[in-house]
$ cat input.pdb   # PDB, C-alpha atoms
ATOM      1  CA  MET A   1     109.287 -10.615   3.516
ATOM      2  CA  ILE A   2     109.339 -10.429  -0.281
ATOM      3  CA  ILE A   3     106.796 -12.858  -1.754
ATOM      4  CA  LEU A   4     106.883 -11.803  -5.404
ATOM      5  CA  GLU A   5     109.725 -10.442  -7.521
ATOM      6  CA  VAL A   6     108.987  -9.469 -11.118
ATOM      7  CA  GLN A   7     112.324  -9.080 -12.887
ATOM      8  CA  ASP A   8     112.300  -7.035 -16.118
ATOM      9  CA  ILE A   9     109.675  -9.170 -17.849
ATOM     10  CA  CYS A  10     108.751  -8.679 -21.501
ATOM     11  CA  LYS A  11     106.041 -10.506 -23.409
ATOM     12  CA  TYR A  12     105.681 -10.319 -27.193
ATOM     13  CA  TYR A  13     103.092 -11.892 -29.471
ATOM     14  CA  GLY A  14     103.787 -12.671 -33.112
ATOM     15  CA  ALA A  15     107.025 -11.922 -34.949
ATOM     16  CA  GLY A  16     108.594  -9.433 -37.336
ATOM     17  CA  LYS A  17     106.344  -6.589 -38.438
ATOM     18  CA  LYS A  18     103.383  -8.339 -36.813
ATOM     19  CA  ARG A  19     105.022  -8.472 -33.399
ATOM     20  CA  HIS A  20     102.780  -7.035 -30.702
ATOM     21  CA  ILE A  21     103.942  -5.845 -27.281
ATOM     22  CA  GLY A  22     102.001  -7.437 -24.452
ATOM     23  CA  CYS A  23     104.233  -5.869 -21.819
ATOM     24  CA  GLU A  24     107.798  -4.604 -21.797
ATOM     25  CA  HIS A  25     110.401  -4.170 -19.040
ATOM     26  CA  ILE A  26     108.097  -4.538 -16.040
ATOM     27  CA  SER A  27     109.778  -4.836 -12.634
ATOM     28  CA  PHE A  28     108.423  -4.656  -9.100
ATOM     29  CA  THR A  29     108.340  -6.577  -5.826
ATOM     30  CA  ALA A  30     105.490  -7.408  -3.453
ATOM     31  CA  GLU A  31     105.751  -8.188   0.243
ATOM     32  CA  ALA A  32     103.468 -10.099   2.583
ATOM     33  CA  GLY A  33     100.967  -7.719   4.149
ATOM     34  CA  GLY A  34     100.709  -5.489   1.084
ATOM     35  CA  ILE A  35      97.978  -4.952  -1.509
ATOM     36  CA  TYR A  36      99.418  -3.896  -4.860
ATOM     37  CA  SER A  37      97.430  -2.618  -7.817
ATOM     38  CA  LEU A  38      98.070  -3.193 -11.512
ATOM     39  CA  LEU A  39      96.253  -0.259 -13.085
ATOM     40  CA  GLY A  40      95.416   0.745 -16.635
ATOM     41  CA  LEU A  41      92.835   0.869 -19.403
ATOM     42  CA  ASN A  42      91.993  -2.158 -21.537
ATOM     43  CA  GLY A  43      95.094  -3.124 -23.517
ATOM     44  CA  ALA A  44      97.483  -1.583 -20.999
ATOM     45  CA  GLY A  45      99.144  -4.934 -20.308
ATOM     46  CA  LYS A  46      97.545  -5.792 -16.968
ATOM     47  CA  SER A  47      96.393  -9.279 -17.938
ATOM     48  CA  THR A  48      99.688 -10.021 -19.685
ATOM     49  CA  VAL A  49     101.624  -9.198 -16.520
ATOM     50  CA  LEU A  50      99.180 -11.224 -14.423
ATOM     51  CA  ASN A  51      99.465 -14.217 -16.778
ATOM     52  CA  SER A  52     103.259 -14.002 -16.698
ATOM     53  CA  ILE A  53     103.221 -14.041 -12.895
ATOM     54  CA  SER A  54     100.843 -17.006 -12.734
ATOM     55  CA  GLY A  55     102.756 -18.953 -15.382
ATOM     56  CA  TYR A  56      99.721 -19.187 -17.657
ATOM     57  CA  ARG A  57     101.741 -17.458 -20.388
ATOM     58  CA  LEU A  58     105.467 -17.378 -19.732
ATOM     59  CA  PRO A  59     107.317 -14.107 -20.416
ATOM     60  CA  SER A  60     109.456 -13.792 -23.551
ATOM     61  CA  SER A  61     112.300 -12.565 -21.350
ATOM     62  CA  GLY A  62     112.890 -11.756 -17.716
ATOM     63  CA  ASP A  63     111.732 -13.896 -14.813
ATOM     64  CA  VAL A  64     109.211 -14.050 -11.987
ATOM     65  CA  SER A  65     110.117 -15.381  -8.554
ATOM     66  CA  ILE A  66     107.450 -16.480  -6.051
ATOM     67  CA  CYS A  67     108.645 -17.305  -2.542
ATOM     68  CA  GLY A  68     112.088 -17.795  -4.054
ATOM     69  CA  TYR A  69     110.981 -20.147  -6.852
ATOM     70  CA  SER A  70     111.327 -19.175 -10.509
ATOM     71  CA  ILE A  71     108.158 -19.503 -12.583
ATOM     72  CA  LEU A  72     110.438 -20.502 -15.491
ATOM     73  CA  THR A  73     112.650 -23.154 -13.921
ATOM     74  CA  GLU A  74     110.630 -24.245 -10.865
ATOM     75  CA  PRO A  75     107.030 -23.747 -12.035
ATOM     76  CA  ILE A  76     105.382 -26.419  -9.870
ATOM     77  CA  GLU A  77     106.909 -25.136  -6.634
ATOM     78  CA  ALA A  78     106.208 -21.521  -7.614
ATOM     79  CA  LYS A  79     102.545 -22.223  -8.411
ATOM     80  CA  ARG A  80     101.975 -23.967  -5.085
ATOM     81  CA  HIS A  81     102.119 -20.514  -3.505
ATOM     82  CA  ILE A  82      99.639 -18.841  -5.905
ATOM     83  CA  GLY A  83      95.901 -18.373  -5.600
ATOM     84  CA  ILE A  84      94.138 -16.661  -8.496
ATOM     85  CA  LEU A  85      90.686 -15.326  -9.281
ATOM     86  CA  TYR A  86      90.350 -14.510 -12.982
ATOM     87  CA  GLU A  87      87.872 -11.940 -14.261
ATOM     88  CA  GLN A  88      85.954 -14.602 -16.206
ATOM     89  CA  ASN A  89      85.946 -16.768 -13.045
ATOM     90  CA  PRO A  90      85.827 -20.215 -14.712
ATOM     91  CA  LEU A  91      83.674 -22.530 -12.610
ATOM     92  CA  TYR A  92      82.134 -25.957 -13.168
ATOM     93  CA  ASP A  93      78.423 -25.114 -13.299
ATOM     94  CA  ALA A  94      77.223 -28.712 -12.866
ATOM     95  CA  MET A  95      79.041 -29.094  -9.542
ATOM     96  CA  THR A  96      77.724 -27.981  -6.183
ATOM     97  CA  VAL A  97      79.770 -25.439  -4.261
ATOM     98  CA  ARG A  98      81.020 -28.191  -1.955
ATOM     99  CA  GLU A  99      81.951 -30.478  -4.857
ATOM    100  CA  PHE A 100      83.856 -27.733  -6.634
ATOM    101  CA  LEU A 101      85.854 -26.651  -3.598
ATOM    102  CA  LEU A 102      86.620 -30.266  -2.709
ATOM    103  CA  PHE A 103      87.772 -30.837  -6.293
ATOM    104  CA  THR A 104      90.028 -27.766  -5.957
ATOM    105  CA  LEU A 105      91.692 -29.252  -2.869
ATOM    106  CA  GLN A 106      92.111 -32.663  -4.475
ATOM    107  CA  MET A 107      93.721 -31.112  -7.551
ATOM    108  CA  ARG A 108      96.173 -29.358  -5.251
ATOM    109  CA  GLY A 109      97.093 -32.634  -3.600
ATOM    110  CA  PHE A 110      95.485 -32.165  -0.174
ATOM    111  CA  GLY A 111      94.586 -35.429   1.539
ATOM    112  CA  SER A 112      91.296 -36.287   3.220
ATOM    113  CA  ALA A 113      92.732 -35.587   6.681
ATOM    114  CA  VAL A 114      92.771 -31.806   6.104
ATOM    115  CA  GLN A 115      90.145 -31.350   3.393
ATOM    116  CA  GLN A 116      87.147 -30.726   5.649
ATOM    117  CA  SER A 117      88.898 -28.181   7.866
ATOM    118  CA  LEU A 118      90.124 -26.233   4.822
ATOM    119  CA  LEU A 119      86.655 -26.415   3.256
ATOM    120  CA  ASP A 120      84.995 -25.121   6.418
ATOM    121  CA  GLU A 121      87.476 -22.280   6.747
ATOM    122  CA  ALA A 122      87.055 -21.143   3.119
ATOM    123  CA  VAL A 123      83.248 -21.351   3.302
ATOM    124  CA  ASP A 124      83.174 -19.326   6.519
ATOM    125  CA  PHE A 125      85.546 -16.716   5.110
ATOM    126  CA  THR A 126      83.503 -16.205   1.921
ATOM    127  CA  ASP A 127      80.054 -16.617   3.566
ATOM    128  CA  LEU A 128      78.945 -19.505   1.362
ATOM    129  CA  GLN A 129      76.991 -21.429   4.005
ATOM    130  CA  GLU A 130      73.590 -20.710   2.433
ATOM    131  CA  VAL A 131      74.594 -22.050  -0.993
ATOM    132  CA  TYR A 132      77.009 -24.797   0.082
ATOM    133  CA  GLY A 133      74.849 -27.567  -1.409
ATOM    134  CA  LYS A 134      73.607 -25.667  -4.478
ATOM    135  CA  ARG A 135      74.831 -26.182  -8.012
ATOM    136  CA  ILE A 136      77.038 -23.345  -9.225
ATOM    137  CA  LYS A 137      74.787 -22.698 -12.251
ATOM    138  CA  GLU A 138      72.042 -21.648  -9.809
ATOM    139  CA  LEU A 139      74.132 -18.943  -8.131
ATOM    140  CA  SER A 140      73.969 -15.175  -8.557
ATOM    141  CA  LYS A 141      76.932 -13.134  -9.782
ATOM    142  CA  GLY A 142      77.846 -12.189  -6.222
ATOM    143  CA  TYR A 143      77.869 -15.770  -4.990
ATOM    144  CA  ARG A 144      79.819 -16.952  -8.027
ATOM    145  CA  GLN A 145      82.497 -14.380  -7.163
ATOM    146  CA  ARG A 146      82.585 -15.714  -3.614
ATOM    147  CA  VAL A 147      83.067 -19.268  -4.902
ATOM    148  CA  GLY A 148      85.875 -18.033  -7.152
ATOM    149  CA  LEU A 149      87.521 -16.292  -4.216
ATOM    150  CA  ALA A 150      87.111 -19.390  -2.028
ATOM    151  CA  GLN A 151      88.982 -21.597  -4.528
ATOM    152  CA  ALA A 152      91.716 -18.956  -4.785
ATOM    153  CA  VAL A 153      92.412 -18.830  -1.044
ATOM    154  CA  ILE A 154      91.398 -22.291   0.203
ATOM    155  CA  HIS A 155      95.018 -23.530   0.291
ATOM    156  CA  HIS A 156      96.385 -20.441   2.115
ATOM    157  CA  PRO A 157      98.592 -19.153  -0.736
ATOM    158  CA  ARG A 158     101.283 -16.563  -0.050
ATOM    159  CA  LEU A 159     100.483 -14.721  -3.300
ATOM    160  CA  ILE A 160      96.888 -13.918  -4.269
ATOM    161  CA  LEU A 161      96.135 -12.588  -7.771
ATOM    162  CA  LEU A 162      92.764 -10.896  -8.335
ATOM    163  CA  ASP A 163      91.780  -9.978 -11.898
ATOM    164  CA  GLU A 164      88.995  -7.340 -11.905
ATOM    165  CA  PRO A 165      87.397  -8.983  -8.837
ATOM    166  CA  ALA A 166      84.784  -6.217  -8.473
ATOM    167  CA  SER A 167      83.429  -6.585 -12.016
ATOM    168  CA  GLY A 168      79.629  -6.776 -11.981
ATOM    169  CA  LEU A 169      79.236  -6.422  -8.207
ATOM    170  CA  ASP A 170      76.697  -4.038  -6.702
ATOM    171  CA  PRO A 171      77.845  -1.470  -4.068
ATOM    172  CA  PHE A 172      76.952  -3.737  -1.111
ATOM    173  CA  GLN A 173      78.762  -6.727  -2.612
ATOM    174  CA  LEU A 174      81.742  -4.526  -3.455
ATOM    175  CA  LYS A 175      82.056  -3.259   0.104
ATOM    176  CA  ASP A 176      81.988  -6.834   1.415
ATOM    177  CA  PHE A 177      84.583  -7.912  -1.156
ATOM    178  CA  GLU A 178      86.898  -5.075  -0.151
ATOM    179  CA  LYS A 179      86.799  -6.243   3.470
ATOM    180  CA  LYS A 180      87.793  -9.735   2.388
ATOM    181  CA  ILE A 181      90.708  -8.448   0.298
ATOM    182  CA  LEU A 182      91.967  -6.449   3.285
ATOM    183  CA  ALA A 183      91.713  -9.564   5.463
ATOM    184  CA  LEU A 184      93.760 -11.600   2.978
ATOM    185  CA  SER A 185      96.615  -9.110   3.144
ATOM    186  CA  THR A 186      97.232 -10.029   6.781
ATOM    187  CA  TYR A 187      99.146 -13.115   5.656
ATOM    188  CA  ALA A 188      99.687 -12.799   1.891
ATOM    189  CA  ALA A 189     100.794 -10.415  -0.821
ATOM    190  CA  VAL A 190      97.750  -9.422  -2.885
ATOM    191  CA  ILE A 191      97.919  -8.210  -6.497
ATOM    192  CA  LEU A 192      94.760  -6.428  -7.639
ATOM    193  CA  CYS A 193      94.454  -6.055 -11.412
ATOM    194  CA  THR A 194      91.833  -3.390 -12.220
ATOM    195  CA  HIS A 195      90.840  -0.283 -14.149
ATOM    196  CA  GLN A 196      88.819   0.990 -11.177
ATOM    197  CA  LEU A 197      91.171   3.626  -9.802
ATOM    198  CA  GLU A 198      88.929   4.614  -6.913
ATOM    199  CA  LEU A 199      88.794   0.999  -5.693
ATOM    200  CA  ALA A 200      92.582   0.722  -5.940
ATOM    201  CA  GLY A 201      92.993   4.039  -4.151
ATOM    202  CA  ARG A 202      90.870   2.855  -1.229
ATOM    203  CA  ILE A 203      92.520  -0.463  -0.479
ATOM    204  CA  CYS A 204      95.934  -0.718  -2.160
ATOM    205  CA  SER A 205      99.178   0.239  -0.436
ATOM    206  CA  GLN A 206     101.209   0.506  -3.664
ATOM    207  CA  HIS A 207     100.436   0.938  -7.345
ATOM    208  CA  ILE A 208     101.932  -0.124 -10.686
ATOM    209  CA  LEU A 209     100.519   2.052 -13.478
ATOM    210  CA  LEU A 210     100.597   0.594 -16.998
ATOM    211  CA  HIS A 211      99.977   2.093 -20.427
ATOM    212  CA  ARG A 212     100.428   0.314 -23.766
ATOM    213  CA  GLY A 213     102.401  -2.474 -22.144
ATOM    214  CA  ARG A 214     104.830  -0.251 -20.277
ATOM    215  CA  GLN A 215     105.144   0.834 -16.684
ATOM    216  CA  ILE A 216     104.675   4.606 -16.550
ATOM    217  CA  ALA A 217     104.838   5.047 -12.766
ATOM    218  CA  GLY A 218     104.802   3.118  -9.531
ATOM    219  CA  GLY A 219     104.990   3.410  -5.771
ATOM    220  CA  THR A 220     102.935   4.416  -2.770
ATOM    221  CA  ARG A 221     100.435   7.266  -3.012
ATOM    222  CA  ALA A 222     102.917   9.551  -1.245
ATOM    223  CA  GLU A 223     105.659   8.606  -3.707
ATOM    224  CA  LEU A 224     103.371   9.227  -6.683
ATOM    225  CA  ALA A 225     102.326  12.614  -5.292
ATOM    226  CA  ASP A 226     105.973  13.544  -4.770
ATOM    227  CA  ARG A 227     106.857  12.516  -8.330
ATOM    228  CA  LEU A 228     104.009  14.601  -9.755
ATOM    229  CA  TYR A 229     105.359  17.639  -7.959
ATOM    230  CA  LYS A 230     108.979  17.059  -9.003
ATOM    231  CA  ASP A 231     108.177  16.349 -12.675
ATOM    232  CA  PHE A 232     105.303  18.759 -13.311
ATOM    233  CA  GLY A 233     105.090  21.106 -10.339
ATOM    234  CA  ILE A 234     101.622  19.739  -9.581
ATOM    235  CA  GLU A 235     100.718  19.663  -5.910
ATOM    236  CA  GLU A 236      98.360  16.769  -5.278
ATOM    237  CA  ASP A 237      97.515  15.520  -1.802
ATOM    238  CA  ALA A 238      98.454  11.851  -1.437
ATOM    239  CA  ALA A 239      95.066  11.251   0.171
ATOM    240  CA  SER A 240      93.176  12.841  -2.717
ATOM    241  CA  ASP A 241      90.746  10.716  -4.735
ATOM    242  CA  THR A 242      92.083  12.337  -7.913
ATOM    243  CA  LEU A 243      95.750  11.407  -7.439
ATOM    244  CA  LEU A 244      95.816   8.254  -9.574
ATOM    245  CA  PHE A 245      93.725   9.894 -12.294
ATOM    246  CA  LYS A 246      96.152  12.834 -12.331
ATOM    247  CA  VAL A 247      99.186  10.550 -12.693
ATOM    248  CA  PHE A 248      97.635   8.815 -15.718
ATOM    249  CA  GLU A 249      96.719  12.174 -17.223
ATOM    250  CA  GLN A 250     100.232  13.594 -16.889
ATOM    251  CA  TYR A 251     102.293  10.542 -17.838
ATOM    252  CA  ALA A 252     100.022   8.892 -20.413
ATOM    253  CA  GLY A 253      97.594  11.574 -21.577
ATOM    254  CA  ILE A 254      94.623   9.502 -20.360
ATOM    255  CA  THR A 255      91.655  11.493 -19.119
ATOM    256  CA  THR A 256      89.394  10.747 -16.190
ATOM    257  CA  ARG A 257      86.558  10.489 -18.695
ATOM    258  CA  GLU A 258      88.161   7.475 -20.369
ATOM    259  CA  PHE A 259      88.305   5.560 -17.096
ATOM    260  CA  ARG A 260      84.706   6.542 -16.304
ATOM    261  CA  GLU A 261      83.555   5.320 -19.713
ATOM    262  CA  LEU A 262      85.359   2.017 -19.222
ATOM    263  CA  GLU A 263      83.660   1.498 -15.875
ATOM    264  CA  ALA A 264      80.291   2.244 -17.515
ATOM    265  CA  GLY A 265      80.989  -0.133 -20.403
ATOM    266  CA  LYS A 266      81.121   2.695 -22.926
ATOM    267  CA  TRP A 267      84.863   3.002 -23.442
ATOM    268  CA  GLY A 268      85.907   3.176 -27.104
ATOM    269  CA  GLN A 269      82.374   3.899 -28.332
ATOM    270  CA  ARG A 270      82.876   7.580 -29.070
TER     271      ARG A 270
END
$ encode --input "input.pdb" --output "structure tokens"
Amino acid sequence: MIILEVQDICKYYGAGKKRHIGCEHISFTAEAGGIYSLLGLNGAGKSTVLNSISGYRLPSSGDVSICGYSILTEPIEAKRHIGILYEQNPLYDAMTVREFLLFTLQMRGFGSAVQQSLLDEAVDFTDLQEVYGKRIKELSKGYRQRVGLAQAVIHHPRLILLDEPASGLDPFQLKDFEKKILALSTYAAVILCTHQLELAGRICSQHILLHRGRQIAGGTRAELADRLYKDFGIEEDAASDTLLFKVFEQYAGITTREFRELEAGKWGQR
């Protein structure tokens, strides 16, 4: 079942000579049970596409359909089906974990009859029992990410958007987070926005590769490997850890080193 349909969206900022391309002519679909990556360096257009899907910034042209509802003409119905965890993970620090998650449910219109069961389910899923009564400002980075994930999935959305969800997590926390993302895909379509190609390669079933606001390639790992061979005569095993790096190198001239520097926080400092 198709959950998300992105239909030739373009987003421009400014006008005339000062017009800047956020993204241009992006199209893809996402089905329930799939994990889809939006990949690229900083400035590639990942956040612009994500914001267009969520309705935070509407596209200049094109449309986005979520469970059959247009984000342009039926935004309230479309957004009912979205759960989103932004990279900055905005949380109310003065609230306890319980207060924040309860507030999330109330804002979404859930009545008292179902609030506790949804709270319990989200807390169990994200392992927040130990900090349930603590104020958010007291939590570590890992626990804050769990709270952010809990608010994104507490209402059982059909489309889950994750913006750099692994940012700042240690290897143990990352492994746990990956398991949770895989679990979410059993009932939803998951969009993972990241520059971490190895993470995307491990858990994503399909990939949308972006560069300077444009889609340079897309598909399953097997489809990307086949395209590399047809276009450049490069034989790359679909299971290889280097496949996604190789696609970026051939179609956008981006080196593995640039992605490594971005992950280390050194990108653009040369």
$ residues_around --input "input.pdb" --residues "A:Gln145" --least-positions-apart "2" --cutoff "10 Å" --atoms "only C-alpha atoms" --output "ChimeraX atom specification"
/A:85-89,91,126,139-143,147-150,165-169,173,177
$ resolve_selection --input "input.pdb" --expression "the PyMOL selection byres ((chain A and resi 217) around 12)" --output "number ranges by chain"
A: 26-28, 37-40, 206-211, 214-216, 218-221, 223-228, 231, 244, 246-252
$ atom_distance --input "input.pdb" --atom1 "atom CA of A:Pro90" --atom2 "atom CA of A:Ile181"
19.7 Å
$ atom_distance --input "input.pdb" --atom1 "atom CA of A:Asp120" --atom2 "atom CA of A:Pro75"
28.8 Å
$ closest_residue --input "input.pdb" --among "A:His25, A:Arg80, A:His195, A:Glu121" --to "A:Arg108" --atoms "all atoms listed in the file"
A:Arg80
$ closest_residue --input "input.pdb" --among "A:Thr96, A:Thr255, A:Thr242, A:Ser65" --to "A:Leu159" --atoms "only C-alpha atoms"
A:Ser65
$ atom_distance --input "input.pdb" --atom1 "atom CA of A:Lys137" --atom2 "atom CA of A:Leu161"
24.0 Å
